[in-house]
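Data from start.txt: compact mmCIF, C-alpha atoms
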# COMPACT_ATOMS: atom_id res chain seq x y z
CA MET A 560 0.00 0.00 0.00
CA MET A 561 2.77 2.43 1.03
CA ARG A 562 4.65 1.67 -2.17
CA ARG A 563 1.62 2.44 -4.30
CA VAL A 564 1.38 5.86 -2.72
CA LEU A 565 5.10 6.47 -3.18
CA MET A 566 4.81 5.61 -6.86
CA PHE A 567 2.64 8.68 -7.39
CA ILE A 568 5.14 11.11 -5.95
CA PRO A 569 7.08 11.66 -9.21
CA VAL A 570 3.79 12.24 -11.03
CA LEU A 571 2.71 14.79 -8.46
CA LEU A 572 6.07 16.53 -8.63
CA ALA A 573 5.87 16.67 -12.44
CA VAL A 574 2.36 18.13 -12.28
CA ALA A 575 3.42 20.74 -9.70
CA LEU A 576 6.41 21.73 -11.82
CA GLY A 577 4.13 21.91 -14.86
CA ILE A 578 1.74 24.27 -13.07
CA VAL A 579 4.58 26.53 -11.95
CA LEU A 580 6.11 26.69 -15.42
CA PHE A 581 2.74 27.14 -17.12
CA ALA A 582 1.98 30.13 -14.89
CA GLY A 583 5.11 31.78 -16.28
CA ILE A 584 4.11 31.45 -19.95
CA GLY A 585 3.17 34.75 -21.58
CA LYS A 586 4.58 36.84 -18.75
CA ASP A 587 7.02 39.42 -19.99
CA PRO A 588 10.00 39.30 -17.63
CA THR A 589 11.14 42.75 -18.77
CA GLN A 590 7.98 44.36 -17.33
CA LEU A 591 8.63 44.90 -13.67
CA GLU A 592 6.06 46.13 -11.22
CA SER A 593 6.99 49.51 -9.90
CA ALA A 594 8.23 49.70 -6.33
CA LEU A 595 6.22 52.90 -5.96
CA ILE A 596 2.74 51.46 -6.34
CA GLY A 597 0.60 52.85 -3.51
CA LYS A 598 3.23 55.46 -2.64
CA PRO A 599 3.24 59.18 -3.37
CA VAL A 600 5.09 60.56 -6.37
CA PRO A 601 8.67 61.33 -5.28
CA VAL A 602 9.32 64.89 -4.18
CA PHE A 603 10.75 66.93 -7.03
CA SER A 604 11.21 70.39 -8.41
CA LEU A 605 11.85 70.51 -12.12
CA ALA A 606 11.75 73.26 -14.69
CA ASP A 607 8.98 73.47 -17.23
CA LEU A 608 10.02 72.25 -20.67
CA GLN A 609 8.57 75.20 -22.53
CA ASP A 610 9.29 77.84 -19.91
CA PRO A 611 12.69 77.30 -18.16
CA ASP A 612 11.86 79.89 -15.50
CA ARG A 613 8.79 78.08 -14.28
CA VAL A 614 9.41 75.37 -11.70
CA HIS A 615 6.99 72.53 -11.03
CA HIS A 616 6.70 70.47 -7.84
CA ASP A 617 5.07 67.17 -7.01
CA ASP A 618 1.78 68.95 -6.29
CA VAL A 619 1.07 69.13 -10.03
CA PHE A 620 -0.60 65.73 -9.62
CA GLN A 621 -3.09 66.91 -7.01
CA GLY A 622 -6.75 67.14 -7.85
CA GLU A 623 -7.09 64.97 -10.93
CA VAL A 624 -6.12 61.49 -12.08
CA SER A 625 -3.22 61.88 -14.50
CA LEU A 626 -0.93 59.84 -16.63
CA LEU A 627 2.77 60.55 -16.26
CA ASN A 628 4.50 59.72 -19.51
CA VAL A 629 8.30 59.38 -19.55
CA TRP A 630 9.80 60.09 -22.94
CA GLY A 631 12.79 61.40 -24.85
CA THR A 632 13.60 62.24 -28.44
CA TRP A 633 16.38 59.62 -28.34
CA CYS A 634 13.81 56.89 -27.76
CA PRO A 635 12.38 55.35 -30.95
CA SER A 636 9.48 53.65 -29.14
CA CYS A 637 8.41 57.06 -27.85
CA ARG A 638 7.94 58.11 -31.44
CA ASP A 639 5.77 55.01 -31.94
CA GLU A 640 3.40 55.90 -29.15
CA HIS A 641 3.33 59.64 -29.67
CA ASP A 642 0.37 59.71 -32.06
CA ASP A 643 -1.61 57.58 -29.64
CA LEU A 644 -0.79 59.95 -26.80
CA VAL A 645 -2.08 62.86 -28.88
CA TRP A 646 -5.24 60.86 -29.50
CA LEU A 647 -5.59 60.04 -25.79
CA ALA A 648 -5.30 63.67 -24.75
CA ARG A 649 -7.50 65.10 -27.50
CA ASP A 650 -10.24 62.50 -27.98
CA GLU A 651 -10.31 60.69 -24.64
CA GLY A 652 -9.72 63.78 -22.55
CA VAL A 653 -6.97 62.21 -20.46
CA ARG A 654 -4.67 64.55 -18.55
CA ILE A 655 -1.11 63.57 -19.45
CA VAL A 656 1.89 65.03 -17.70
CA GLY A 657 5.05 64.64 -19.77
CA LEU A 658 8.44 63.89 -18.25
CA ASN A 659 11.09 64.70 -20.80
CA TYR A 660 13.84 62.34 -19.63
CA LYS A 661 17.58 62.78 -20.23
CA ASP A 662 16.93 64.80 -23.31
CA ASN A 663 17.83 68.08 -24.93
CA ARG A 664 15.38 70.95 -24.57
CA ASP A 665 15.63 72.20 -28.15
CA LEU A 666 15.19 68.74 -29.63
CA ALA A 667 12.23 68.10 -27.33
CA LEU A 668 10.50 71.36 -28.23
CA GLU A 669 11.04 70.71 -31.92
CA TRP A 670 9.53 67.23 -31.51
CA LEU A 671 6.40 68.57 -29.79
CA ASP A 672 6.13 71.31 -32.38
CA LYS A 673 6.25 68.88 -35.26
CA LEU A 674 4.26 65.96 -33.85
CA GLY A 675 1.76 67.72 -31.63
CA ASN A 676 1.80 68.24 -27.88
CA PRO A 677 -0.37 65.85 -25.87
CA TYR A 678 0.92 67.06 -22.52
CA ALA A 679 -1.06 69.26 -20.18
CA LEU A 680 2.28 70.00 -18.59
CA SER A 681 5.86 69.08 -19.48
CA LEU A 682 8.61 68.51 -16.93
CA TYR A 683 12.20 68.85 -18.09
CA ASP A 684 14.54 66.34 -16.45
CA PRO A 685 17.84 66.35 -18.38
CA GLN A 686 19.76 64.52 -15.62
CA GLY A 687 17.03 61.97 -15.10
CA ARG A 688 16.68 62.74 -11.39
CA LEU A 689 12.94 62.29 -11.10
CA GLY A 690 13.26 59.39 -13.52
CA PHE A 691 15.73 57.75 -11.15
CA ASP A 692 13.52 58.32 -8.10
CA LEU A 693 10.58 56.84 -10.01
CA GLY A 694 12.64 53.77 -10.89
CA VAL A 695 12.44 54.43 -14.62
CA TYR A 696 14.66 51.88 -16.37
CA GLY A 697 13.64 52.37 -19.96
CA ALA A 698 11.50 54.87 -21.78
CA PRO A 699 8.71 54.95 -22.63
CA GLU A 700 7.09 54.33 -19.27
CA THR A 701 3.66 55.55 -18.23
CA TYR A 702 2.38 55.88 -14.68
CA VAL A 703 -1.21 56.25 -13.51
CA ILE A 704 -1.27 58.76 -10.66
CA ASP A 705 -4.45 59.38 -8.70
CA ALA A 706 -5.90 62.70 -7.62
CA ASP A 707 -3.97 62.57 -4.33
CA GLY A 708 -0.66 62.13 -6.11
CA ILE A 709 -0.35 58.42 -5.31
CA VAL A 710 1.24 56.14 -7.94
CA ARG A 711 -1.31 53.47 -8.86
CA TYR A 712 0.10 51.68 -11.87
CA ARG A 713 3.09 51.60 -14.16
CA HIS A 714 3.14 50.49 -17.75
CA VAL A 715 6.56 49.82 -19.27
CA GLY A 716 6.61 50.09 -23.04
CA VAL A 717 4.60 51.64 -25.82
CA ILE A 718 1.02 52.80 -25.28
CA THR A 719 -1.39 51.65 -27.94
CA PRO A 720 -5.17 52.06 -28.08
CA ARG A 721 -5.35 48.45 -26.92
CA VAL A 722 -3.07 49.00 -23.92
CA TRP A 723 -5.22 52.00 -23.06
CA GLN A 724 -8.52 50.15 -23.34
CA GLU A 725 -7.48 46.96 -21.61
CA THR A 726 -4.90 48.03 -19.07
CA LEU A 727 -4.71 51.73 -18.27
CA ARG A 728 -8.28 52.85 -18.69
CA PRO A 729 -9.72 50.50 -16.03
CA VAL A 730 -7.18 51.84 -13.52
CA VAL A 731 -7.82 55.47 -14.48
CA ASP A 732 -11.61 54.97 -14.28
CA GLN A 733 -11.37 53.24 -10.91
CA TYR A 734 -9.45 56.10 -9.32
CA ALA A 735 -11.43 58.79 -11.13
CA LYS A 736 -14.55 57.40 -9.47
CA GLU A 737 -13.00 57.28 -6.02
CA GLY A 738 -11.84 60.85 -6.33
CA MET B 435 63.38 51.30 -32.09
CA ARG B 436 60.60 48.74 -32.09
CA PRO B 437 61.54 47.02 -28.80
CA PHE B 438 61.65 50.42 -27.24
CA LEU B 439 58.15 51.25 -28.48
CA ILE B 440 56.79 47.94 -27.22
CA ALA B 441 58.40 48.52 -23.86
CA LEU B 442 56.91 52.00 -23.76
CA TRP B 443 53.48 50.66 -24.68
CA LEU B 444 53.68 48.01 -21.97
CA LEU B 445 54.61 50.71 -19.53
CA ILE B 446 51.68 52.93 -20.43
CA MET B 447 49.05 50.26 -21.03
CA PRO B 448 48.34 49.28 -17.39
CA GLN B 449 47.69 52.90 -16.48
CA VAL B 450 45.27 53.25 -19.36
CA VAL B 451 43.35 50.17 -18.23
CA GLN B 452 43.40 51.47 -14.68
CA ALA B 453 42.02 54.79 -15.85
CA THR B 454 38.90 53.25 -17.38
CA THR B 455 37.96 51.20 -14.31
CA ASP B 456 38.87 53.84 -11.79
CA VAL B 457 36.11 56.34 -12.47
CA TYR B 458 35.14 56.37 -8.83
CA PRO B 459 37.99 57.55 -6.64
CA PHE B 460 38.03 56.29 -3.06
CA GLU B 461 40.17 57.28 -0.15
CA SER B 462 40.89 53.76 0.97
CA ALA B 463 41.23 50.39 -0.71
CA SER B 464 38.65 48.90 1.65
CA GLU B 465 36.06 51.47 0.55
CA GLN B 466 36.93 50.66 -3.06
CA GLU B 467 36.41 46.98 -2.29
CA ARG B 468 33.09 47.72 -0.56
CA PHE B 469 31.92 49.66 -3.61
CA ARG B 470 32.97 46.82 -5.91
CA GLU B 471 31.05 44.30 -3.80
CA LEU B 472 27.93 46.46 -3.59
CA ILE B 473 27.67 47.06 -7.31
CA SER B 474 28.30 43.39 -8.07
CA GLU B 475 25.36 42.37 -5.86
CA LEU B 476 22.89 44.80 -7.42
CA ARG B 477 21.02 43.75 -10.52
CA CYS B 478 20.43 45.99 -13.50
CA PRO B 479 16.68 46.38 -14.16
CA LYS B 480 17.28 47.02 -17.85
CA CYS B 481 19.67 44.21 -18.78
CA GLN B 482 18.25 41.74 -16.39
CA ASN B 483 21.02 39.18 -16.32
CA GLN B 484 23.79 41.59 -15.47
CA ASN B 485 24.78 43.29 -12.29
CA ILE B 486 25.23 47.05 -12.37
CA ALA B 487 29.00 46.61 -12.28
CA ASP B 488 29.01 44.86 -15.65
CA SER B 489 26.11 46.56 -17.39
CA ASP B 490 26.62 49.35 -19.89
CA ALA B 491 23.00 50.48 -19.65
CA PRO B 492 22.62 54.17 -18.73
CA ILE B 493 20.43 53.22 -15.79
CA ALA B 494 23.20 50.97 -14.43
CA LYS B 495 25.55 53.95 -14.54
CA ASP B 496 22.98 56.09 -12.70
CA MET B 497 22.74 53.38 -10.06
CA ARG B 498 26.54 53.13 -9.71
CA ASP B 499 26.65 56.92 -9.34
CA GLU B 500 24.00 56.77 -6.63
CA VAL B 501 25.83 53.99 -4.76
CA TYR B 502 29.02 56.04 -4.95
CA ARG B 503 27.30 59.24 -3.85
CA MET B 504 25.64 57.53 -0.88
CA MET B 505 28.90 55.88 0.16
CA GLN B 506 30.65 59.25 0.09
CA ASP B 507 27.86 60.51 2.36
CA GLY B 508 28.68 57.73 4.79
CA ALA B 509 25.73 55.41 4.11
CA THR B 510 25.88 51.78 5.23
CA ASP B 511 25.49 48.90 2.77
CA GLN B 512 21.95 48.37 4.04
CA GLN B 513 21.03 52.02 3.48
CA VAL B 514 22.40 51.89 -0.06
CA THR B 515 20.51 48.75 -1.03
CA ASP B 516 17.34 49.99 0.70
CA ALA B 517 17.48 53.23 -1.30
CA LEU B 518 17.69 51.35 -4.58
CA VAL B 519 15.04 48.80 -3.59
CA SER B 520 12.64 51.63 -2.72
CA ARG B 521 12.96 52.88 -6.29
CA PHE B 522 13.42 49.78 -8.39
CA GLY B 523 11.94 47.05 -6.20
CA GLU B 524 13.40 43.88 -4.71
CA PHE B 525 14.21 42.82 -8.24
CA VAL B 526 17.55 44.63 -8.03
CA LEU B 527 18.82 42.42 -5.20
CA TYR B 528 20.79 39.41 -6.34
CA LYS B 529 20.69 38.38 -2.68
CA PRO B 530 17.08 39.03 -1.65
CA ASP B 531 16.36 39.67 2.02
CA PHE B 532 14.98 36.80 4.03
CA ASN B 533 11.30 37.47 4.71
CA GLN B 534 7.93 35.77 4.39
CA ARG B 535 7.81 36.15 0.64
CA THR B 536 11.32 34.88 0.02
CA ALA B 537 11.37 32.14 2.69
CA LEU B 538 10.49 29.41 0.18
CA LEU B 539 13.11 30.71 -2.23
CA TRP B 540 15.83 30.52 0.39
CA ALA B 541 14.61 27.19 1.73
CA THR B 542 14.36 25.41 -1.63
CA PRO B 543 18.00 24.19 -1.82
CA LEU B 544 17.78 22.88 1.74
CA LEU B 545 14.43 21.19 1.04
CA ALA B 546 15.81 19.59 -2.12
CA VAL B 547 18.83 18.18 -0.27
CA LEU B 548 16.65 16.92 2.59
CA GLY B 549 14.25 15.32 0.08
CA GLY B 550 17.14 13.60 -1.67
CA LEU B 551 18.50 12.34 1.66
CA LEU B 552 15.08 10.94 2.59
CA VAL B 553 14.90 9.04 -0.71
CA VAL B 554 18.40 7.62 -0.26
CA VAL B 555 17.72 6.61 3.34
CA GLY B 556 14.44 4.99 2.28
CA LEU B 557 16.14 3.01 -0.47
CA VAL B 558 18.91 1.81 1.84
CA ILE B 559 16.49 0.74 4.56
CA ARG B 560 14.34 -1.13 2.12
CA ALA B 561 17.30 -2.90 0.53
CA ARG B 562 18.50 -4.02 3.97
CA GLN B 563 15.06 -5.27 4.98
CA GLN B 564 14.60 -7.26 1.80
CA GLY B 565 18.11 -8.72 2.05
CA GLY B 566 17.53 -10.00 5.57
CA ALA B 567 13.89 -10.98 5.30
CA GLU B 568 14.22 -13.23 2.23
CA PRO B 569 12.54 -16.54 3.30
CA PRO B 570 14.73 -19.64 2.97
CA LEU B 571 13.81 -22.16 0.29
CA SER B 572 11.19 -24.64 1.20
CA GLU B 573 11.93 -28.37 0.94
CA GLU B 574 10.04 -28.58 -2.33
CA GLU B 575 11.97 -25.64 -3.86
CA ARG B 576 15.32 -27.06 -2.74
CA ARG B 577 14.60 -30.31 -4.51
CA ARG B 578 13.65 -28.50 -7.71
CA ALA B 579 16.79 -26.40 -7.57
CA GLU B 580 18.99 -29.46 -7.17
CA GLN B 581 17.19 -31.12 -10.01
CA LEU B 582 17.77 -28.09 -12.26
CA LEU B 583 21.46 -27.89 -11.37
CA ARG B 584 21.93 -31.60 -11.99
CA ASP B 585 20.17 -31.43 -15.34
CA ARG B 586 22.36 -28.58 -16.44
CA ASP B 587 25.62 -30.27 -15.41
CA GLY B 588 24.57 -33.50 -17.05
CA GLY B 589 23.54 -31.75 -20.25
CA VAL B 590 26.88 -30.12 -20.94
Hey, can you dump this file as structure tokens for me?
Amino acid sequence: MMRRVLMFIPVLLAVALGIVLFAGIGKDPTQLESALIGKPVPVFSLADLQDPDRVHHDDVFQGEVSLLNVWGTWCPSCRDEHDDLVWLARDEGVRIVGLNYKDNRDLALEWLDKLGNPYALSLYDPQGRLGFDLGVYGAPETYVIDADGIVRYRHVGVITPRVWQETLRPVVDQYAKEG
Amino acid sequence: MRPFLIALWLLIMPQVVQATTDVYPFESASEQERFRELISELRCPKCQNQNIADSDAPIAKDMRDEVYRMMQDGATDQQVTDALVSRFGEFVLYKPDFNQRTALLWATPLLAVLGGLLVVVGLVIRARQQGGAEPPLSEEERRRAEQLLRDRDGGV
């Protein structure tokens, strides 16, 4: 009797291993969950991209659910998502705060001039200080920040209408309701 | 002329190599060593299978800079790793802390060894039991065995 039971152990182990491995299929290991989820946006003071004399602080996220989009003209994927960001801001009425990351002001302004400016507000972070505090490890990255300035979600990679519909919008709607 | 040039090159070369690795000046060799150990235990979030010492990613450089800056400010190893974990998550630790979430991770090697030992012990015990508990041949079986042996010897 004991031996019969023992015979099933390898089968059980194989099934357990199968379940563990199967759970990993389709997960993108390069998309890490942000360490800041549920925490306030890091304290910062950064110059405005358009107006170097204007300084913004972390209170720019107070009062309304916003997306914080990290981008740079050196980042080809940012070019890919730009048209969709313009669409999001114009047609979906989403408030997007831009974080121009490790970039050059003139190039950034030229880019917005040519391709359209989806940002309600643009922060200029040439040294990547806020980027570093946010844990940005590759642009583009987009954060959902609620009306109290708390980070609720991070999306690493390009934003497409599908990513918006399936991933970001539910989060934005949830926190828009609460606020 | 040529031997001279080679000799000159050999003389200069080590300094050049030194110059590229020695971007972060430290006051003591032990601090230098501490820095080297810290950056070799932190994982680059961009190139996920490299530590920040080996990675060329810009973010890895930012992280090295931050480790250096904090060390110059007198931070302990724990403070340095905590600061990076608070930004990039536990992912950056090649040696994760021992807590509820990582207990199974840390325990797995031990569990695997213990499991293997149990199997080996089980096999040994069973082999011993079977060896000793084999019943002797009955009278009937002994006769048949003798018969078989005799037949074989006679047949050859």
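CA of Val519 (chain B) to CA of Val730 (chain A) spans 24.5 Å [interatomic distance, one decimal].
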Using all atoms listed in the file, determine which residues of chain A fall within 8 Å of chain B; present them as a list of chain:residue names. A:Thr589, A:Glu592, A:Ser593, A:Ala594, A:Leu595, A:Phe691, A:Asp692, A:Leu693, A:Gly694, A:Val695, A:Tyr696, A:Gly697
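Straight-line separation from CA of Asp643 (chain A) to CA of Thr719 (chain A): 6.2 Å.
Going from CA of Asp662 (chain A) to CA of Asn485 (chain B) covers 25.4 Å.
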Name all residues at most 7 Å from Leu658 (chain A) (count all atoms listed in the file; drop same-chain ones fewer than 6 positions away) and give them as number ranges by chain. A: 627-630, 681-684
Shell around region 702-705 of chain A at 7 Å using all atoms listed in the file, local window under 4 positions removed, as a count of residues only: 14
Looking at A:Pro677, A:Asp607, A:Glu651, A:Gly622, which one is nearest to Glu737 (chain A), with distances taken over all atoms listed in the file? A:Gly622
Excluding same-chain residues fewer than 3 positions from Asp618 (chain A), what lies within 8 Å of it counting all atoms listed in the file, as an mmCIF file with C-alpha atoms, keeping the file's coordinate frame?
data_model
loop_
_atom_site.group_PDB
_atom_site.id
_atom_site.type_symbol
_atom_site.label_atom_id
_atom_site.label_comp_id
_atom_site.auth_asym_id
_atom_site.auth_seq_id
_atom_site.Cartn_x
_atom_site.Cartn_y
_atom_site.Cartn_z
ATOM 1 C CA HIS A 615 6.990 72.530 -11.030
ATOM 2 C CA GLN A 621 -3.090 66.910 -7.010
ATOM 3 C CA GLY A 708 -0.660 62.130 -6.110
#
